[in-house]
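K.L.:
Here you go, one structure.
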Amino acid sequence: MINFTYVRTTTAKAAVGLLAKEKNAKFIAGGTNLVDLMKRGVTAPDRLIDINAVPLKQIELVGNMMHIGALATNTAVAEHELVKLHFPLLSLALQAGASQQLRNAATVGGNMMQRTRCGYFYDTTMPCNKRAPGTGCGAITGYNRMHAIFGGSEQCIAVHPSDMCIALVALDSTVVLSGPKGERKLKFIDFHKLAGTTPDKDNNLLPGEMIIRVEIPTNKLAAHSYYVKVRDRASYAFALVSVAAGLELQGNKIVDVKLAMGGVAHKPWRLLEAETFLKGKMATEANFKSAAQIAMKNAKAYKENAFKLKMAPNTLIEALNLAKSKA
Amino acid sequence: MSVKEENIPENEGRRDFLKQGTLFTALALTPVSLLKAADQKADEKFAELFEKVSLRIKVNGKAHELFVEPRVTLLDLLREQLALTGTKKGCDHGQCGACTVHIDGTRVNSCLQLAVMNEGKEITTIEGLANEDVLHPMQAAFIKHDGFQCGYCTPGQIMSAVACVREGHAGSKGEIREYMSGNICRCGAYPNIVDAIEEVHKSGVQV
Ligand SMILES: Cc1cc2nc3c(=O)[nH]c(=O)nc-3n(C[C@H](O)[C@H](O)[C@H](O)COP(=O)(O)OP(=O)(O)OC[C@H]3O[C@@H](n4cnc5c(N)ncnc54)[C@H](O)[C@@H]3O)c2cc1C
Ligand code: FES
Ligand code: FES
């Protein structure tokens, strides 16, 4: 690992100020993604700003908004009574990610900012437009089993690896950011971006900005929420495909529904059209199948990931069935 | 090199750190020729100031005052500087759990922690688990159930297992498997590991 200077900070304001001072500085929170990438030489910051002492660990209901601080650990959020009660979807998604040891260190902000797991991104001897813009994409014609089927670009077909973010995008969350010009809010769905012609950028965070917290509006989906993650082994593996599904039912009628998919796109993939289709309809297998068909419109597979074209709709139907039957 | 060895008084580390920032700017502005002309020894001192950060840390109950490079992981600090080689390096990338230790009672992968992130923290490693000559109940259970073959993953498994029981995640074989999934065993001792953990949990003994 290339050495760097290290500084600890105790306020968000100081953290943002320090970040602005040096071009190649980075925050470090849990370190579970950043330290890994630094060891592999994928990234080499000159300075690390340790933000762990900044008081951003709160998990609380403020009116009808759940506030979750950027430094709350993945375990603290997943196991919090209020989260389990009001947003079981978030709890389930978090528990499906990584391992308990990693979740104990990983934070909400770090989870949102984690980089793709594309092998070409990790291997510094390989071409990768995300790691080294202009070098090409190894995955498009190479090994692309884990890669995107939605919203891919000619420059990059990497996927965002987070489970937590799939639940957060489904739950209509908002992100609160702080930067040199003050605070601003961004809808969670607009936080991450598609690769387009700038695959080196994963999200719309501006230079110098820090994630402060995530806000989730309360909803009536808790009784019928489910997160299904399909992976190569039963636990401790990234998603091939995952689905977050939340239903609000009146009898068997769908009053409200939120759906998002993971492992399929450069950003957490919300399924708004399928939601619109399902709203007001009965929660039947036939309707779930139609919704899955709608969700798969515009899907495009590459050589090794064609299986996702079947796996994705099947996982969606499974998630809807499980959400529905959950008492 | 530990702070004690160098006899640097308390708080010096913090001041050194502040100085470090100014020195960095100063050096960046100094022409190379001048730097080259500078006294060799002074150069070395400068280099050290750039590289090391003070760290106060407790490991298995023993307080340490250290001076470490920011890039040193907690795992390397334990193994290379504190000679606590019980904690193992498997993958060095968070993928195997061999390096599992407790930080303030919480299990984490020490290979993905920078040591300097642990200022003021208390670390427990496998060496700190037994009570003098009396094995920790989880250690005894691993021996009883033959919860290992080569033993390489074992310190991480045991640290993880103790936390798993303390967290209340050892309620069933299924739950144990899920919450122990961060510890890989190439020898495949899994069934015996699960048995050991289940027995400790069911015995209700304080872990
Ligand atoms: C073996 C392994 C398996 C994993 N499996 C999964 C999985 O199945 N599912 C899953 O979702 N994840 C998985 N992960 C990834 C894990 O969730 C992330 O590493 C973790 O969430 C990152 O959080 P952190 O706090 O450790 O971030 P760090 O490593 O500290 O930081 C990551 C990035 O975020 C930036 N950052 C951190 N906080 C802020 C902030 N407040 N504002 C702005 N920028 C910030 C940092 O500068 C850095 O660039 C896995 C990781 C490993 C190592
Ligand atoms: S050595 Fe840390 S997880 Fe493998
Ligand atoms: S006992 Fe050999 S790796 Fe687990």
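We name chains A, B, ... following the order of the structure tokens; residues begin at 1 in each chain, and ligands are numbered from 1 as shown.
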Any idea what's packed within 6 Å of region 194-199 of chain B, counting only C-alpha atoms, ignoring anything in its chain fewer than 4 positions away? Could you give it as an NGL selection string?
P.N.:
:B and (141-142 or 145 or 203)
K.L.:
Dump N, CA, C and O atoms for the selected residues as a PDB file, in the first residue's frame?
P.N.:
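Here's the written file part_12.pdb:
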```pdb
ATOM      1  N   ALA B 141     -14.504 -26.176  23.713  1.00  0.00           N
ATOM      2  CA  ALA B 141     -15.525 -26.816  22.876  1.00  0.00           C
ATOM      3  C   ALA B 141     -14.974 -27.151  21.489  1.00  0.00           C
ATOM      4  O   ALA B 141     -15.316 -28.180  20.904  1.00  0.00           O
ATOM      5  N   PHE B 142     -14.127 -26.295  20.951  1.00  0.00           N
ATOM      6  CA  PHE B 142     -13.517 -26.588  19.641  1.00  0.00           C
ATOM      7  C   PHE B 142     -12.650 -27.843  19.726  1.00  0.00           C
ATOM      8  O   PHE B 142     -12.634 -28.667  18.812  1.00  0.00           O
ATOM      9  N   HIS B 145     -15.025 -30.952  20.127  1.00  0.00           N
ATOM     10  CA  HIS B 145     -15.778 -31.320  18.920  1.00  0.00           C
ATOM     11  C   HIS B 145     -14.893 -31.441  17.688  1.00  0.00           C
ATOM     12  O   HIS B 145     -15.394 -31.593  16.583  1.00  0.00           O
ATOM     13  N   SER B 203     -25.173 -24.471  26.744  1.00  0.00           N
ATOM     14  CA  SER B 203     -24.707 -24.663  28.125  1.00  0.00           C
ATOM     15  C   SER B 203     -24.984 -23.419  28.976  1.00  0.00           C
ATOM     16  O   SER B 203     -24.984 -23.481  30.203  1.00  0.00           O
TER      17      SER B 203
END
```
K.L.:
Within 6 Å of chain B, which residues belong to chain A? Use only C-alpha atoms and report them as a list of chain:residue names.
P.N.:
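Applying the cut-off to the listed atoms yields A:Asn3, A:Thr32, A:Val35, A:Asp36, A:Ser99, A:Gln101.
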K.L.:
How would you report the residues lying within 7 Å of ligand 3, as a ChimeraX atom specification, if you count only C-alpha atoms and all ligand atoms?
P.N.:
/B:148-154,184-189
K.L.:
Please compute the CA of Ala260 (chain A)-CA of Ile166 (chain A) distance, one decimal, in Å.
P.N.:
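If I compute the distance from CA of Ala260 (chain A) to CA of Ile166 (chain A), I get 5.9 Å.
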K.L.:
Show me which residues are within 6 Å of ligand 1 counting only C-alpha atoms and all ligand atoms, and format the list as a ChimeraX atom specification.
P.N.:
/A:26-34,70,97-98,105-107,109-111,113-114,161-164,210-212,236-238 /B:94-95
K.L.:
Store the residues picked out above in a file with N, CA, C and O atoms, as a short mmCIF file (atom, residue, chain, number, x, y, z; two decimals), in the first residue's frame.
P.N.:
```cif
data_model
loop_
_atom_site.label_atom_id
_atom_site.label_comp_id
_atom_site.auth_asym_id
_atom_site.auth_seq_id
_atom_site.Cartn_x
_atom_site.Cartn_y
_atom_site.Cartn_z
N LYS A 26 -9.16 11.46 0.70
CA LYS A 26 -10.40 10.68 0.79
C LYS A 26 -10.79 10.52 2.25
O LYS A 26 -9.95 10.48 3.13
N PHE A 27 -12.11 10.39 2.46
CA PHE A 27 -12.59 10.03 3.79
C PHE A 27 -12.35 8.55 4.00
O PHE A 27 -12.39 7.77 3.05
N ILE A 28 -12.14 8.18 5.25
CA ILE A 28 -12.20 6.75 5.58
C ILE A 28 -13.20 6.56 6.70
O ILE A 28 -13.17 7.28 7.70
N ALA A 29 -14.11 5.60 6.51
CA ALA A 29 -15.11 5.30 7.55
C ALA A 29 -14.79 3.91 8.09
O ALA A 29 -13.82 3.75 8.83
N GLY A 30 -15.51 2.88 7.69
CA GLY A 30 -15.20 1.53 8.17
C GLY A 30 -13.91 0.98 7.58
O GLY A 30 -13.27 0.10 8.14
N GLY A 31 -13.57 1.48 6.41
CA GLY A 31 -12.33 1.04 5.74
C GLY A 31 -12.46 -0.26 4.98
O GLY A 31 -11.52 -0.68 4.30
N THR A 32 -13.62 -0.90 5.04
CA THR A 32 -13.72 -2.26 4.48
C THR A 32 -13.67 -2.29 2.96
O THR A 32 -13.37 -3.32 2.37
N ASN A 33 -13.95 -1.20 2.30
CA ASN A 33 -13.79 -1.16 0.84
C ASN A 33 -12.51 -0.40 0.48
O ASN A 33 -11.72 -0.84 -0.35
N LEU A 34 -12.32 0.73 1.13
CA LEU A 34 -11.19 1.58 0.77
C LEU A 34 -9.83 0.91 1.01
O LEU A 34 -8.94 0.94 0.15
N ALA A 70 -24.71 8.84 8.49
CA ALA A 70 -23.80 8.22 7.53
C ALA A 70 -22.81 7.28 8.20
O ALA A 70 -22.26 6.39 7.56
N GLY A 97 -25.97 -8.83 3.14
CA GLY A 97 -24.69 -8.37 2.59
C GLY A 97 -23.50 -8.75 3.45
O GLY A 97 -23.59 -8.78 4.67
N ALA A 98 -22.40 -9.07 2.81
CA ALA A 98 -21.10 -9.29 3.46
C ALA A 98 -21.21 -10.30 4.60
O ALA A 98 -21.94 -11.28 4.51
N ALA A 105 -18.10 -3.17 10.88
CA ALA A 105 -17.21 -2.05 10.57
C ALA A 105 -17.82 -1.14 9.51
O ALA A 105 -17.66 0.08 9.56
N ALA A 106 -18.51 -1.71 8.55
CA ALA A 106 -19.04 -0.95 7.41
C ALA A 106 -20.08 0.07 7.85
O ALA A 106 -20.89 -0.20 8.73
N THR A 107 -20.07 1.22 7.21
CA THR A 107 -21.02 2.29 7.55
C THR A 107 -22.00 2.52 6.39
O THR A 107 -21.77 2.07 5.26
N GLY A 109 -22.67 5.43 4.88
CA GLY A 109 -22.04 6.25 3.83
C GLY A 109 -21.06 5.44 2.99
O GLY A 109 -21.05 5.54 1.77
N GLY A 110 -20.25 4.64 3.66
CA GLY A 110 -19.27 3.81 2.94
C GLY A 110 -19.94 2.80 2.05
O GLY A 110 -19.49 2.52 0.93
N ASN A 111 -21.04 2.24 2.53
CA ASN A 111 -21.78 1.26 1.73
C ASN A 111 -22.29 1.91 0.43
O ASN A 111 -22.20 1.32 -0.64
N MET A 113 -20.98 4.37 -1.09
CA MET A 113 -19.84 4.77 -1.91
C MET A 113 -18.98 3.60 -2.36
O MET A 113 -17.99 3.79 -3.07
N GLN A 114 -19.30 2.37 -1.93
CA GLN A 114 -18.46 1.24 -2.31
C GLN A 114 -18.39 1.10 -3.82
O GLN A 114 -19.34 1.36 -4.52
N PRO A 161 -22.55 -2.97 -6.35
CA PRO A 161 -22.65 -4.23 -5.60
C PRO A 161 -23.48 -4.19 -4.32
O PRO A 161 -23.65 -5.22 -3.68
N SER A 162 -24.00 -3.04 -3.94
CA SER A 162 -24.62 -2.93 -2.62
C SER A 162 -25.99 -3.60 -2.51
O SER A 162 -26.80 -3.53 -3.42
N ASP A 163 -26.24 -4.23 -1.38
CA ASP A 163 -27.57 -4.72 -1.05
C ASP A 163 -28.39 -3.63 -0.36
O ASP A 163 -29.55 -3.40 -0.70
N MET A 164 -27.77 -2.96 0.61
CA MET A 164 -28.46 -1.90 1.35
C MET A 164 -29.12 -0.89 0.42
O MET A 164 -30.26 -0.46 0.63
N MET A 210 -19.72 15.47 1.41
CA MET A 210 -19.74 14.35 2.36
C MET A 210 -21.19 13.91 2.56
O MET A 210 -22.09 14.74 2.61
N ILE A 211 -21.39 12.62 2.70
CA ILE A 211 -22.73 12.12 3.01
C ILE A 211 -22.95 12.31 4.51
O ILE A 211 -22.11 11.90 5.31
N ILE A 212 -24.06 12.93 4.86
CA ILE A 212 -24.36 13.21 6.26
C ILE A 212 -25.36 12.19 6.82
O ILE A 212 -25.15 11.63 7.86
N TYR A 236 -22.46 -14.62 2.33
CA TYR A 236 -21.12 -14.05 2.16
C TYR A 236 -20.69 -14.09 0.69
O TYR A 236 -19.60 -14.53 0.36
N ALA A 237 -21.58 -13.66 -0.19
CA ALA A 237 -21.25 -13.54 -1.61
C ALA A 237 -22.09 -12.41 -2.18
O ALA A 237 -23.20 -12.14 -1.70
N PHE A 238 -21.56 -11.75 -3.20
CA PHE A 238 -22.30 -10.66 -3.83
C PHE A 238 -23.45 -11.22 -4.66
O PHE A 238 -23.44 -12.39 -5.05
N GLY B 94 -10.45 -9.26 3.56
CA GLY B 94 -11.81 -9.32 4.11
C GLY B 94 -12.64 -10.50 3.64
O GLY B 94 -13.84 -10.54 3.89
N GLN B 95 -11.99 -11.45 2.98
CA GLN B 95 -12.77 -12.53 2.36
C GLN B 95 -12.75 -13.85 3.11
O GLN B 95 -13.38 -14.80 2.67
#
```
K.L.:
I'd like the contact shell of Leu55 (chain B) - 9 Å cut-off, only C-alpha atoms, skipping same-chain residues fewer than 6 positions apart - returned as a short mmCIF file (atom, residue, chain, number, x, y, z; two decimals) with N, CA and C atoms, in the first residue's frame.
P.N.:
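Written file, out_4.cif:
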```cif
data_model
loop_
_atom_site.label_atom_id
_atom_site.label_comp_id
_atom_site.auth_asym_id
_atom_site.auth_seq_id
_atom_site.Cartn_x
_atom_site.Cartn_y
_atom_site.Cartn_z
N VAL B 3 6.70 4.35 21.26
CA VAL B 3 6.96 5.68 21.81
C VAL B 3 7.84 5.57 23.05
N GLY B 13 3.00 12.97 20.25
CA GLY B 13 2.52 12.42 18.97
C GLY B 13 1.62 13.40 18.27
N HIS B 64 -0.54 -0.02 25.17
CA HIS B 64 0.64 0.23 24.34
C HIS B 64 0.60 1.67 23.86
N GLU B 65 1.75 2.29 23.86
CA GLU B 65 1.87 3.60 23.20
C GLU B 65 2.82 3.41 22.04
N LEU B 66 2.30 3.57 20.86
CA LEU B 66 3.07 3.21 19.68
C LEU B 66 3.17 4.38 18.71
N PHE B 67 4.02 4.17 17.74
CA PHE B 67 4.20 5.11 16.65
C PHE B 67 4.09 4.27 15.39
N VAL B 68 3.07 4.46 14.60
CA VAL B 68 2.91 3.57 13.45
C VAL B 68 2.69 4.34 12.14
N ALA B 115 -4.46 0.38 11.57
CA ALA B 115 -4.18 0.39 13.01
C ALA B 115 -4.51 1.75 13.62
N VAL B 116 -4.15 2.83 12.90
CA VAL B 116 -4.33 4.18 13.45
C VAL B 116 -5.80 4.55 13.66
N MET B 117 -6.72 3.78 13.07
CA MET B 117 -8.14 4.05 13.28
C MET B 117 -8.59 3.59 14.67
N ASN B 118 -7.68 2.97 15.42
CA ASN B 118 -8.07 2.35 16.67
C ASN B 118 -7.53 3.06 17.91
N GLU B 119 -7.27 4.34 17.79
CA GLU B 119 -6.82 5.16 18.91
C GLU B 119 -7.78 5.01 20.10
N GLY B 120 -7.22 4.64 21.24
CA GLY B 120 -8.04 4.53 22.46
C GLY B 120 -8.90 3.27 22.53
#
```
K.L.:
Nearest residue to ligand 2 out of B:Val59, B:Leu82, B:Ala98, B:Leu74, using only C-alpha atoms and all ligand atoms?
P.N.:
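Ranked by minimum distance to ligand 2, first place goes to B:Ala98.
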K.L.:
Pull the helix (DSSP H, G or I) assignments for region 63-138 of chain B out of DSSP run on the backbone, and list those residues as a PyMOL selection string.
P.N.:
chain B and resi 74-81+110-112+115-118+126-128+137-138
K.L.:
Just asking: which residues within region 58-189 of chain A are strand (DSSP E) according to DSSP, as an MDAnalysis selection string?
P.N.:
chainID A and resid 59:62 65:69 174:179 182:187
K.L.:
Using only C-alpha atoms, please write the residues we just selected to a file, as a tab-separated table (two decimals), in the first residue's frame.
P.N.:
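Ended up saving to selection.tsv:
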```tsv
chain	number	residue	atom	x	y	z
A	59	ILE	CA	-30.81	6.10	14.02
A	60	GLU	CA	-34.05	7.88	14.94
A	61	LEU	CA	-37.57	8.75	13.87
A	62	VAL	CA	-38.00	12.49	13.32
A	65	MET	CA	-38.90	10.43	8.66
A	66	MET	CA	-36.34	7.88	9.71
A	67	HIS	CA	-32.95	9.55	10.00
A	68	ILE	CA	-29.92	7.30	9.67
A	69	GLY	CA	-26.51	8.90	10.11
A	174	THR	CA	-33.33	10.93	0.41
A	175	VAL	CA	-29.63	11.61	0.94
A	176	VAL	CA	-28.43	14.65	2.87
A	177	LEU	CA	-25.04	15.92	1.71
A	178	SER	CA	-22.72	18.58	3.02
A	179	GLY	CA	-20.16	20.37	0.92
A	182	GLY	CA	-23.44	24.03	2.43
A	183	GLU	CA	-26.03	21.27	2.69
A	184	ARG	CA	-28.20	19.87	-0.07
A	185	LYS	CA	-30.59	16.97	-0.48
A	186	LEU	CA	-30.69	14.46	-3.28
A	187	LYS	CA	-33.28	11.76	-3.91
```
K.L.:
For Val77 (chain A), which residue among A:Ile49, A:Val214, A:Met126, A:Leu316 is the nearest when counting only C-alpha atoms?
P.N.:
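Of all the options, A:Val214 lies closest to Val77 (chain A).
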K.L.:
Between A:Lys279, A:Lys220, A:Lys193, A:Lys267, single out the one closest to His160 (chain A), counting only C-alpha atoms.
P.N.:
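Looking at the shortest contact to His160 (chain A), the residue is A:Lys267.
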K.L.:
Which residues, written as a PDB file with all heavy atoms, in the first residue's frame, have at least one atom at most 8 Å from Arg270 (chain A), with only C-alpha atoms counted and residues fewer than 2 positions away on the same chain left out?
P.N.:
```pdb
ATOM      1  N   ILE A 166     -30.269  -1.188  -2.504  1.00  0.00           N
ATOM      2  CA  ILE A 166     -31.448  -1.673  -3.231  1.00  0.00           C
ATOM      3  C   ILE A 166     -32.696  -1.407  -2.383  1.00  0.00           C
ATOM      4  O   ILE A 166     -33.724  -0.945  -2.881  1.00  0.00           O
ATOM      5  CB  ILE A 166     -31.311  -3.184  -3.573  1.00  0.00           C
ATOM      6  CG1 ILE A 166     -29.980  -3.458  -4.278  1.00  0.00           C
ATOM      7  CG2 ILE A 166     -32.493  -3.667  -4.422  1.00  0.00           C
ATOM      8  CD1 ILE A 166     -29.674  -2.575  -5.468  1.00  0.00           C
ATOM      9  N   VAL A 169     -33.291   2.539  -2.218  1.00  0.00           N
ATOM     10  CA  VAL A 169     -33.893   3.151  -3.412  1.00  0.00           C
ATOM     11  C   VAL A 169     -35.366   2.771  -3.500  1.00  0.00           C
ATOM     12  O   VAL A 169     -36.209   3.582  -3.889  1.00  0.00           O
ATOM     13  CB  VAL A 169     -33.106   2.806  -4.704  1.00  0.00           C
ATOM     14  CG1 VAL A 169     -33.411   1.397  -5.203  1.00  0.00           C
ATOM     15  CG2 VAL A 169     -33.418   3.820  -5.807  1.00  0.00           C
ATOM     16  N   ALA A 170     -35.703   1.533  -3.101  1.00  0.00           N
ATOM     17  CA  ALA A 170     -37.101   1.111  -3.135  1.00  0.00           C
ATOM     18  C   ALA A 170     -37.934   1.930  -2.150  1.00  0.00           C
ATOM     19  O   ALA A 170     -39.098   2.224  -2.409  1.00  0.00           O
ATOM     20  CB  ALA A 170     -37.207  -0.377  -2.807  1.00  0.00           C
ATOM     21  N   ILE A 189     -32.633   7.865  -5.498  1.00  0.00           N
ATOM     22  CA  ILE A 189     -32.640   7.316  -6.863  1.00  0.00           C
ATOM     23  C   ILE A 189     -31.717   8.126  -7.781  1.00  0.00           C
ATOM     24  O   ILE A 189     -31.222   7.627  -8.787  1.00  0.00           O
ATOM     25  CB  ILE A 189     -34.087   7.256  -7.416  1.00  0.00           C
ATOM     26  CG1 ILE A 189     -34.164   6.317  -8.629  1.00  0.00           C
ATOM     27  CG2 ILE A 189     -34.620   8.642  -7.746  1.00  0.00           C
ATOM     28  CD1 ILE A 189     -35.590   6.023  -9.081  1.00  0.00           C
ATOM     29  N   LEU A 259     -40.533  -1.574  -5.716  1.00  0.00           N
ATOM     30  CA  LEU A 259     -39.684  -2.653  -6.220  1.00  0.00           C
ATOM     31  C   LEU A 259     -38.335  -2.118  -6.697  1.00  0.00           C
ATOM     32  O   LEU A 259     -38.272  -1.081  -7.353  1.00  0.00           O
ATOM     33  CB  LEU A 259     -40.362  -3.327  -7.429  1.00  0.00           C
ATOM     34  CG  LEU A 259     -41.698  -4.031  -7.211  1.00  0.00           C
ATOM     35  CD1 LEU A 259     -42.328  -4.386  -8.558  1.00  0.00           C
ATOM     36  CD2 LEU A 259     -41.505  -5.274  -6.360  1.00  0.00           C
ATOM     37  N   ALA A 260     -37.279  -2.848  -6.357  1.00  0.00           N
ATOM     38  CA  ALA A 260     -35.964  -2.491  -6.894  1.00  0.00           C
ATOM     39  C   ALA A 260     -35.126  -3.756  -7.046  1.00  0.00           C
ATOM     40  O   ALA A 260     -35.355  -4.752  -6.354  1.00  0.00           O
ATOM     41  CB  ALA A 260     -35.263  -1.500  -5.978  1.00  0.00           C
ATOM     42  N   MET A 261     -34.171  -3.683  -7.974  1.00  0.00           N
ATOM     43  CA  MET A 261     -33.359  -4.848  -8.281  1.00  0.00           C
ATOM     44  C   MET A 261     -31.877  -4.528  -8.102  1.00  0.00           C
ATOM     45  O   MET A 261     -31.428  -3.419  -8.415  1.00  0.00           O
ATOM     46  CB  MET A 261     -33.614  -5.237  -9.741  1.00  0.00           C
ATOM     47  CG  MET A 261     -33.760  -6.721  -9.990  1.00  0.00           C
ATOM     48  SD  MET A 261     -34.098  -7.055 -11.728  1.00  0.00           S
ATOM     49  CE  MET A 261     -35.704  -7.807 -11.617  1.00  0.00           C
ATOM     50  N   PRO A 268     -28.451   1.190  -8.257  1.00  0.00           N
ATOM     51  CA  PRO A 268     -29.589   0.445  -7.724  1.00  0.00           C
ATOM     52  C   PRO A 268     -30.785   0.678  -8.651  1.00  0.00           C
ATOM     53  O   PRO A 268     -31.128   1.818  -8.948  1.00  0.00           O
ATOM     54  CB  PRO A 268     -29.801   1.084  -6.344  1.00  0.00           C
ATOM     55  CG  PRO A 268     -28.476   1.672  -5.985  1.00  0.00           C
ATOM     56  CD  PRO A 268     -27.886   2.135  -7.270  1.00  0.00           C
ATOM     57  N   LEU A 272     -39.970   1.241 -11.587  1.00  0.00           N
ATOM     58  CA  LEU A 272     -41.145   2.106 -11.487  1.00  0.00           C
ATOM     59  C   LEU A 272     -42.295   1.669 -12.396  1.00  0.00           C
ATOM     60  O   LEU A 272     -43.462   1.720 -11.996  1.00  0.00           O
ATOM     61  CB  LEU A 272     -40.740   3.558 -11.793  1.00  0.00           C
ATOM     62  CG  LEU A 272     -39.898   4.231 -10.696  1.00  0.00           C
ATOM     63  CD1 LEU A 272     -39.287   5.538 -11.191  1.00  0.00           C
ATOM     64  CD2 LEU A 272     -40.730   4.486  -9.438  1.00  0.00           C
TER      65      LEU A 272
END
```
K.L.:
Measure the distance from CA of Asp232 (chain A) to CA of Lys308 (chain A) in Å and round it to one decimal.
P.N.:
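One can read the CA of Asp232 (chain A) to CA of Lys308 (chain A) distance as 12.9 Å.
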